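Let me begin by presenting the structure, written as structure tokens, before commenting on it.
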Amino acid sequence: MRIAANITFLDFGVPLAGRARLAHEAGFDGVECLFPYALSTGEMSRALDEMPLALINTPVDDWEDGARGRAAVPGEMATFAAEMQRALDYAKALGVPRIHVMAGKASGARARDRFEANLRAACLAAPEVTMLIEPINPHDAPGYYLNDFDLAADIVERIGLPNLKLQFDTWHARRIHGDPLAVWQRHARLVGHVQISGFENRGAPRPDTAEEAAFYEAVTASGYEGWLSAEYHDRGEGFGWLSELRDRLGRATMAEA
Ligand SMILES: O=C(O)C(=O)CO
């Protein structure tokens, strides 16, 4: 497993263009960037240097104002299609293999139908890109359509396309369902990308705690080989957790062998 820094959450104290280099120096293997769109693809490519960009999101209007996309929003199909195309253009230019398709704020049967139709169209339009859907907890994003891991799993299974997967964020699993390990055990086979943070308060990961260690052992045992991307609120903990996590993953892999 490779470990990425989410350079939208982790700003390293510098503007976006300087963050991938600092993530590399801190020991990360790659980065993810929710919204690279403030930079042109050329600027972003230079900013990445050689760092892999593991994931981007579809664009949103104003994140700080609570906007969370529109893939499940009835009546906004044309705008969604334009946003999806923008994400695909960035993915193609920057070699990004995964796009998190943000559902937006909606509810009910029409929202589900719209979400499934938009996801199916996106997956078929770009089979080389893995499309991800991520349950987000209702405390952080009130009204967000995809607010439950079991609902997300049902959608992924119903659509049944090989390039549609579940994005598993330990924080949202904790806030929605209580026990990230139990959620992982239910849905690991559908997961295409993992975002990590400390379970208690979305600070830095704590692989030294029994609960988080058990989670990383289960992830290793399940055979997941994708990214673990650090998406947390930096409270000045530093990056000592990164080598602890690598040790923990290494020990778990040896125990499996
Ligand atoms: O809000 C989050 O946790 C996200 O990862 C959005 O992409």
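Chain lettering (A, B, ...) mirrors the order of the structure tokens, residue numbering begins at 1 for each chain separately, and ligand numbering begins at 1 in order of display.
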Write out as a count of residues only which residues come within 12 Å of stretch 8-20 of chain A when counting only C-alpha atoms, dropping same-chain ones fewer than 6 positions away. 50
So that I can check the surroundings of stretch 141-153 of chain A, please list as a PyMOL selection string every protein, DNA and RNA residue that reaches within 9 Å of it, counting only C-alpha atoms and ignoring chain neighbours fewer than 4 positions away. chain A and resi 66-68+72-73+102-108+111-112+133-137+157-158+165-166+168+172-173+176-177+183+186-187+190
Residues of stretch 169-230 of chain A in alpha helix (DSSP H), written as a list in words: Thr170, Trp171, His172, Ala173, Arg174, Arg175, Ile176, His177, Pro180, Leu181, Ala182, Val183, Trp184, Gln185, Arg186, His187, Ala210, Glu211, Glu212, Ala213, Ala214, Phe215, Tyr216, Glu217, Ala218, Val219, Thr220 and Ala221 of chain A
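Secondary structure by DSSP on the backbone puts the following residues of stretch 149-186 of chain A in strand (DSSP E): Leu164, Lys165, Leu166, Gln167, Phe168 and Asp169 of chain A.
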Selected residues, N, CA and C atoms, written as a CSV table (one decimal), in the first residue's frame, please.
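Contents of selection28.csv, as written:
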chain,number,residue,atom,x,y,z
A,164,LEU,N,-16.5,1.3,-11.1
A,164,LEU,CA,-17.2,2.0,-10.1
A,164,LEU,C,-16.9,1.4,-8.7
A,165,LYS,N,-16.3,2.2,-7.8
A,165,LYS,CA,-15.9,1.6,-6.5
A,165,LYS,C,-16.3,2.5,-5.4
A,166,LEU,N,-16.1,2.0,-4.2
A,166,LEU,CA,-16.5,2.7,-2.9
A,166,LEU,C,-15.2,3.4,-2.4
A,167,GLN,N,-15.4,4.7,-2.0
A,167,GLN,CA,-14.3,5.4,-1.4
A,167,GLN,C,-14.5,5.4,0.1
A,168,PHE,N,-13.5,4.8,0.8
A,168,PHE,CA,-13.8,4.5,2.3
A,168,PHE,C,-13.0,5.5,3.1
A,169,ASP,N,-13.6,6.4,3.8
A,169,ASP,CA,-13.0,7.4,4.6
A,169,ASP,C,-13.3,6.9,6.1
Would you mind telling me which residue in A:Ile159, A:Arg174, A:Asp61, A:Ala255 lies nearest to A:Ala117 when using only C-alpha atoms? A:Ile159
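Proximity of A:Ala214, A:Val191, A:Val60, A:Leu181 to ligand 1, computed with only C-alpha atoms and all ligand atoms, is greatest for A:Val60.
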Do you know which residues are at most 9 Å from A:Asn118 counting only C-alpha atoms, after dropping those on the same chain fewer than 6 positions away, and could you put them as a VMD selection string? chain A and resid 71 to 72 77 80 to 81
Pick out the closest residue to A:Tyr216 from this set: A:His24, A:Met1, A:Asn6, A:Ala87. Count only C-alpha atoms. A:Met1
Env of A:Met84: 9 Å cut, atoms = only C-alpha atoms, seq-sep filter 5 positions within chain, self excluded. Answer as an NGL selection string. :A and (58-59 or 71 or 79 or 89 or 101 or 122)
Would you write out those residues with N, CA, C and O atoms, as a PDB file, in the first residue's frame?
ATOM      1  N   THR A  58     -14.761  15.591  -8.643  1.00  0.00           N
ATOM      2  CA  THR A  58     -15.464  16.450  -9.590  1.00  0.00           C
ATOM      3  C   THR A  58     -15.554  17.854  -8.980  1.00  0.00           C
ATOM      4  O   THR A  58     -15.577  17.998  -7.746  1.00  0.00           O
ATOM      5  N   PRO A  59     -15.609  18.890  -9.809  1.00  0.00           N
ATOM      6  CA  PRO A  59     -15.639  20.257  -9.266  1.00  0.00           C
ATOM      7  C   PRO A  59     -16.908  20.529  -8.444  1.00  0.00           C
ATOM      8  O   PRO A  59     -17.943  19.903  -8.679  1.00  0.00           O
ATOM      9  N   ALA A  71     -24.037  15.208  -8.686  1.00  0.00           N
ATOM     10  CA  ALA A  71     -24.325  13.994  -9.476  1.00  0.00           C
ATOM     11  C   ALA A  71     -25.678  13.382  -9.142  1.00  0.00           C
ATOM     12  O   ALA A  71     -26.272  12.699  -9.974  1.00  0.00           O
ATOM     13  N   THR A  79     -25.276  20.514 -16.201  1.00  0.00           N
ATOM     14  CA  THR A  79     -24.156  21.103 -15.440  1.00  0.00           C
ATOM     15  C   THR A  79     -23.250  19.999 -14.915  1.00  0.00           C
ATOM     16  O   THR A  79     -22.019  20.107 -14.949  1.00  0.00           O
ATOM     17  N   ASP A  89     -10.926  15.858 -18.103  1.00  0.00           N
ATOM     18  CA  ASP A  89      -9.836  16.571 -18.794  1.00  0.00           C
ATOM     19  C   ASP A  89      -8.602  16.665 -17.889  1.00  0.00           C
ATOM     20  O   ASP A  89      -7.470  16.442 -18.322  1.00  0.00           O
ATOM     21  N   VAL A 101     -16.679  11.126  -7.567  1.00  0.00           N
ATOM     22  CA  VAL A 101     -17.843  11.802  -8.162  1.00  0.00           C
ATOM     23  C   VAL A 101     -18.748  12.262  -7.018  1.00  0.00           C
ATOM     24  O   VAL A 101     -19.395  11.446  -6.353  1.00  0.00           O
ATOM     25  N   ALA A 122     -20.827   8.128 -16.634  1.00  0.00           N
ATOM     26  CA  ALA A 122     -19.417   8.507 -16.411  1.00  0.00           C
ATOM     27  C   ALA A 122     -18.515   7.287 -16.529  1.00  0.00           C
ATOM     28  O   ALA A 122     -17.450   7.342 -17.163  1.00  0.00           O
TER      29      ALA A 122
END
To one decimal place in Å, what is the distance between atom 6 (C, counted along the ligand's line) of ligand 1 and atom CA of A:His139? 13.4 Å
Pairwise distance for atom CA of A:Glu25 and atom CA of A:Arg246, rounded to one decimal in Å: 16.1 Å
